[in-house]
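Written below as structure tokens is the structure these notes are about.
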Amino acid sequence: MLQVRNISKWFGDVNVLNQISFNLNRGQRAGLVGPNGCGKSTLLKIIAGEMQPDQGRVQLAPASLRLGYLPQALDLPAKATVADVLTAAQGERVALETRLEELAEGIATASGDDLPAALNAYDRALAEFDALGGSSLHADADIVLAGLGLDDVDQSRPIHALSGGQKTRLGLARLLLAQPDLLVLDEPTNHLDITALAWLEDYLASYDGAILLVSHDRAFLDRTVTSILALDDTAHTLREFPGNYTDYAMTLDRELEKQWATYKEQQERVAQLTASIRKLAGKAKNIENETIHFHYRRIARELAHRAVIQQRRLERMIESEDMVDKPGQTWKMKLEFPDTPRSGQDVLTISDLSVGYGARTVLHDVDLHLSFGDRVALIGSNGSGKTTLLRCITGELLPWTGEVRLGRGVRLGYMAQEQETLDPSATPLALIRDAAPLNETEARSFLHYFLFAGDAVFTPVGRLSYGERSRLALALLAVRGCNFLLLDEPINHLDIPSRESFERAMARFEGTVLAVVHDRYFIERFAETLWSVDEGEVMVLAA
């Protein structure tokens, strides 16, 4: 269905993709992985025809194959309604349904010789309609909307009135309803809660066509893909691995372990040969310096010759293709929370809390407690009230009834969902220096751990990507010495290496954490307790 042959792409002097080739056949589901900035979205845009490669070609077979592409940045018509978007997504089936209605009316009024022709036209249109799955037209829309949590959205509502998450899910619904032969999805799990994620996993697992997707959700990749396409951010090349993400990670671990073993073995051999060469050369030189006797000087020459032979052997070994390089570490985010100050044992107490907006109650009768060192994941469907609860804890939103009380010595650090608390005109360097008594050199060194290097520290927040803003928000939490972290989807825009770094940092963090998160890998490794929000209530569950 899809053939990618020797694709290369440059942006100026920077090579982003280097001789990328792979095939994707019907029934195959491939996950494209790699660190942020390695060229994943660029490759998808080239495959979708939205960007031209500098070398190579993309071929779809057959030529009539329909490709559906979900970009990260959606372009939905702002003046259109939800119904307009959904109708356009099923354009061919909707048009045939309208045509069938018109033909049915024609049959009702036809007579004589016109009736057989009208019946034949109706039969042909009906066969085409059935071939496109037209009989399930409305059922498909209902299933997709319900699965993505859009079934309660008024379809007469204009697009500009939707939230960012609703727009993302509507774009995904539009694509799925179009039923293309090849799905190309760039981070389709953004803004999906756990229920919608599970539905999408089942939908994609039974999809008849081929799928190529980018996702940083490791559990989602494990449940949906049959192979991994890994982009290397150093060589800008691509390798294909059979199986899901866990299979891929295990293969990399085995390869790295083998590379380290071979490297150490070769280095030991190099050290042995080097020591032997030094010993032979040194002994030959000592003999020559201590005597002029012909016999001993001949022995010295033989020793020197043996040293030369071993030196040549060492040089051939080092230059050999079998010589293994030292395994390198790619540039990854280094997240540390040093010297976390101790708070009191009681960190957070919520008593008889009720809160909402206008006349709508969002949460009611909430009683919760956190002790120092607790690790809690706050889960629930989109719009259930998770962010509302966090805003009450920060004091940004006042409760209607009840009380929210922080304990003694609590230093609260809040990371908003879209980092809207960051000043868009400020630079990373300025924000870090405002948050801690660091000089410019110290602040730049600190930001380097969060992948801000060179002039990137002077880029205004408003021009940073969401992933860069996430890293900056985490850097601010770390530098402020917070001991109670309130995190609203902290890893949503982080790539997999950064998510793993975040998980390690949370494991070492000595304070208290309450995090809204949909990444099930993270929940399994982090959470000791779950707070589940449903229909205005918060239930405490074991993780």
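By convention in this document, the chains of the structure tokens carry letters A, B, ... by their order, each chain's residues are numbered from 1, and ligands are numbered from 1 in the order they are shown.
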Polymer residues at most 7 Å from A:Pro490, only C-alpha atoms, same-chain spacing of 4 or more positions, as a PyMOL selection string:
chain A and resi 415+417+470
A:Ile350: which residues within 10 Å, counting only C-alpha atoms, same-chain residues fewer than 5 positions away excluded, as a list of chain:residue names?
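Contacts, in chain order: A:Asp365, A:Val366, A:Asp367, A:Leu368, A:His369, A:Leu370, A:Cys392, A:Ile393, A:Gly402, A:Glu403, A:Val404, A:Arg405, A:Leu406.
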Selection above as a file: N, CA and C atoms, as a PDB file, in the first residue's frame:
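Result file selection-v1.pdb:
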```pdb
ATOM      1  N   ASP A 365     -19.268  17.319  47.767  1.00  0.00           N
ATOM      2  CA  ASP A 365     -19.036  16.411  48.901  1.00  0.00           C
ATOM      3  C   ASP A 365     -17.689  15.700  48.806  1.00  0.00           C
ATOM      4  N   VAL A 366     -16.642  16.482  48.535  1.00  0.00           N
ATOM      5  CA  VAL A 366     -15.315  15.902  48.367  1.00  0.00           C
ATOM      6  C   VAL A 366     -14.543  15.963  49.686  1.00  0.00           C
ATOM      7  N   ASP A 367     -14.062  14.799  50.143  1.00  0.00           N
ATOM      8  CA  ASP A 367     -13.224  14.705  51.340  1.00  0.00           C
ATOM      9  C   ASP A 367     -11.980  13.905  50.980  1.00  0.00           C
ATOM     10  N   LEU A 368     -10.806  14.553  51.039  1.00  0.00           N
ATOM     11  CA  LEU A 368      -9.561  13.912  50.631  1.00  0.00           C
ATOM     12  C   LEU A 368      -8.438  14.317  51.570  1.00  0.00           C
ATOM     13  N   HIS A 369      -7.378  13.488  51.594  1.00  0.00           N
ATOM     14  CA  HIS A 369      -6.227  13.800  52.438  1.00  0.00           C
ATOM     15  C   HIS A 369      -4.956  13.271  51.790  1.00  0.00           C
ATOM     16  N   LEU A 370      -3.886  14.072  51.879  1.00  0.00           N
ATOM     17  CA  LEU A 370      -2.566  13.664  51.415  1.00  0.00           C
ATOM     18  C   LEU A 370      -1.562  13.801  52.551  1.00  0.00           C
ATOM     19  N   CYS A 392      -8.724  24.503  42.766  1.00  0.00           N
ATOM     20  CA  CYS A 392      -9.154  24.751  44.150  1.00  0.00           C
ATOM     21  C   CYS A 392      -7.978  24.600  45.112  1.00  0.00           C
ATOM     22  N   ILE A 393      -7.126  23.624  44.864  1.00  0.00           N
ATOM     23  CA  ILE A 393      -5.980  23.391  45.748  1.00  0.00           C
ATOM     24  C   ILE A 393      -4.994  24.543  45.675  1.00  0.00           C
ATOM     25  N   GLY A 402     -17.136  24.099  52.013  1.00  0.00           N
ATOM     26  CA  GLY A 402     -16.033  23.263  52.443  1.00  0.00           C
ATOM     27  C   GLY A 402     -14.725  24.014  52.543  1.00  0.00           C
ATOM     28  N   GLU A 403     -13.642  23.245  52.701  1.00  0.00           N
ATOM     29  CA  GLU A 403     -12.337  23.844  52.986  1.00  0.00           C
ATOM     30  C   GLU A 403     -11.233  23.060  52.294  1.00  0.00           C
ATOM     31  N   VAL A 404     -10.227  23.810  51.810  1.00  0.00           N
ATOM     32  CA  VAL A 404      -8.991  23.228  51.288  1.00  0.00           C
ATOM     33  C   VAL A 404      -7.850  23.793  52.118  1.00  0.00           C
ATOM     34  N   ARG A 405      -7.094  22.906  52.776  1.00  0.00           N
ATOM     35  CA  ARG A 405      -6.056  23.385  53.687  1.00  0.00           C
ATOM     36  C   ARG A 405      -4.726  22.684  53.412  1.00  0.00           C
ATOM     37  N   LEU A 406      -3.677  23.522  53.215  1.00  0.00           N
ATOM     38  CA  LEU A 406      -2.320  23.002  53.061  1.00  0.00           C
ATOM     39  C   LEU A 406      -1.651  22.917  54.422  1.00  0.00           C
TER      40      LEU A 406
END
```
Residues flagged strand (DSSP E or B) by DSSP in stretch 356-446 of chain A, as an MDAnalysis selection string
chainID A and resid 356:357 360:371 375:380 401:406 412:415
From a backbone DSSP assignment, name each residue in stretch 368-465 of chain A labelled helix (DSSP H, G or I), as a PyMOL selection string.
chain A and resi 386-394+428-435+440-448+454-458+461-463
Please produce a file of the residues just selected, as a CSV table (one decimal), in the first residue's frame, where the atoms kept are C-alpha atoms.
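Listing of out_33.csv after writing:
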```csv
chain,number,residue,atom,x,y,z
A,386,LYS,CA,-9.8,17.1,37.5
A,387,THR,CA,-8.4,20.5,36.6
A,388,THR,CA,-11.1,22.2,38.7
A,389,LEU,CA,-9.9,20.3,41.8
A,390,LEU,CA,-6.3,21.3,41.1
A,391,ARG,CA,-7.4,25.0,40.8
A,392,CYS,CA,-9.2,24.8,44.2
A,393,ILE,CA,-6.0,23.4,45.7
A,394,THR,CA,-3.9,26.2,44.3
A,428,PRO,CA,13.7,30.6,29.8
A,429,LEU,CA,16.8,32.3,31.2
A,430,ALA,CA,14.9,35.2,32.7
A,431,LEU,CA,12.3,32.9,34.3
A,432,ILE,CA,14.9,30.6,35.9
A,433,ARG,CA,16.9,33.6,37.3
A,434,ASP,CA,13.7,35.1,38.7
A,435,ALA,CA,12.9,31.8,40.4
A,440,GLU,CA,23.7,33.7,34.0
A,441,THR,CA,26.3,31.0,33.7
A,442,GLU,CA,24.7,28.9,36.4
A,443,ALA,CA,21.2,29.4,35.0
A,444,ARG,CA,22.3,28.4,31.5
A,445,SER,CA,24.0,25.3,32.8
A,446,PHE,CA,20.8,24.4,34.7
A,447,LEU,CA,18.7,24.9,31.6
A,448,HIS,CA,21.0,22.7,29.6
A,454,GLY,CA,22.8,28.1,23.1
A,455,ASP,CA,20.5,30.9,22.0
A,456,ALA,CA,17.4,28.8,22.9
A,457,VAL,CA,17.5,30.2,26.4
A,458,PHE,CA,16.7,33.7,24.9
A,461,VAL,CA,8.0,31.4,25.9
A,462,GLY,CA,5.3,32.3,23.3
A,463,ARG,CA,7.5,31.0,20.5
```
Which residues come within 10 Å of A:Glu537, counting only C-alpha atoms, excluding same-chain residues fewer than 6 positions away, as number ranges by chain?
A: 354, 362-367, 384-385, 531
Of the listed residues A:Leu485, A:Leu74, A:Ile107, A:Ile379, that which approaches A:Ala416 most closely, counting only C-alpha atoms:
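Once distances to A:Ala416 are computed over only C-alpha atoms, the minimum belongs to A:Leu485.
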Could you work out how far atom CA of A:Ala542 lies from atom CA of A:Leu353, giving the answer in Å with one decimal?
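Atom CA of A:Ala542 lies at a distance of 22.0 Å from atom CA of A:Leu353.
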Fewer than 6 positions away in the same chain doesn't count, so skip those; otherwise give me all residues within 12 Å of A:Ala249, counting only C-alpha atoms, as a ChimeraX atom specification.
/A:33-34,218,221-222,227-228,230,241-243,255-256,496-497
Could those selected residues go to a file with N, CA and C atoms, as a short mmCIF file (atom, residue, chain, number, x, y, z; two decimals), in the first residue's frame?
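Output (selection35.cif):
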```cif
data_model
loop_
_atom_site.label_atom_id
_atom_site.label_comp_id
_atom_site.auth_asym_id
_atom_site.auth_seq_id
_atom_site.Cartn_x
_atom_site.Cartn_y
_atom_site.Cartn_z
N VAL A 33 8.72 6.15 16.04
CA VAL A 33 9.20 6.69 17.31
C VAL A 33 10.55 7.37 17.12
N GLY A 34 10.89 8.20 18.11
CA GLY A 34 12.16 8.92 18.12
C GLY A 34 12.00 10.19 18.94
N ARG A 218 3.45 4.84 25.45
CA ARG A 218 4.03 3.51 25.27
C ARG A 218 2.99 2.41 25.41
N LEU A 221 1.09 2.29 22.13
CA LEU A 221 1.88 1.62 21.10
C LEU A 221 1.88 0.11 21.32
N ASP A 222 2.00 -0.30 22.56
CA ASP A 222 2.00 -1.74 22.85
C ASP A 222 0.70 -2.40 22.41
N SER A 227 4.66 -3.22 14.41
CA SER A 227 6.09 -2.98 14.17
C SER A 227 6.44 -1.57 14.61
N ILE A 228 7.71 -1.36 14.86
CA ILE A 228 8.22 -0.05 15.25
C ILE A 228 9.22 0.43 14.21
N ALA A 230 11.97 3.22 13.97
CA ALA A 230 12.70 4.09 14.89
C ALA A 230 13.62 5.03 14.11
N PHE A 241 11.73 -2.56 13.47
CA PHE A 241 11.75 -3.60 14.47
C PHE A 241 10.40 -4.30 14.49
N PRO A 242 10.35 -5.63 14.46
CA PRO A 242 9.06 -6.32 14.57
C PRO A 242 8.52 -6.25 15.99
N GLY A 243 7.19 -6.29 16.12
CA GLY A 243 6.58 -6.29 17.44
C GLY A 243 6.16 -4.92 17.90
N GLU A 255 20.81 -5.16 22.54
CA GLU A 255 21.87 -4.67 21.65
C GLU A 255 22.88 -3.82 22.41
N LEU A 256 22.36 -2.96 23.31
CA LEU A 256 23.25 -2.10 24.09
C LEU A 256 24.13 -2.93 25.02
N ILE A 496 9.35 10.13 24.43
CA ILE A 496 9.52 8.96 25.29
C ILE A 496 10.77 9.05 26.15
N PRO A 497 11.95 9.46 25.62
CA PRO A 497 13.12 9.58 26.50
C PRO A 497 12.88 10.57 27.64
#
```
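Compared by their closest atoms to A:Arg342, and using only C-alpha atoms, the residues A:Gly209, A:Gly171, A:Pro180, A:Gly373 rank with A:Gly373 nearest.
Separating atom CA of A:Tyr248 from atom CA of A:Gly147 is a distance of 28.9 Å.
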Give the answer as one residue: which of A:Trp10, A:Phe522, A:Phe294, A:Phe450 has the shortest atom-to-atom distance to A:Gly39, using only C-alpha atoms?
A:Trp10
If we count only C-alpha atoms, what is near A:Arg66 at a cut-off of 12 Å, once residues fewer than 4 positions away on the same chain are taken out, given as a ChimeraX atom specification?
/A:1-2,48,60-62,175,178-184,209-210
Check the smallest atom-to-atom distance from each of A:Asp142, A:Gly31, A:Val58, A:Val538 to A:Ser215 using only C-alpha atoms, then report the winner.
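Among the listed residues, A:Gly31 lies closest to A:Ser215.
Closest approach to A:Arg157 among A:Ala453, A:Ile277, A:Ala78, A:Leu115 is made by A:Ala78 (distances from only C-alpha atoms).
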Excluding stretch 262-272 of chain A and residues on its chain fewer than 6 positions from it, collect all residues at most 10 Å away from it, counting only C-alpha atoms, and give them as number ranges by chain.
A: 256, 278, 314-315, 317-318, 322-327
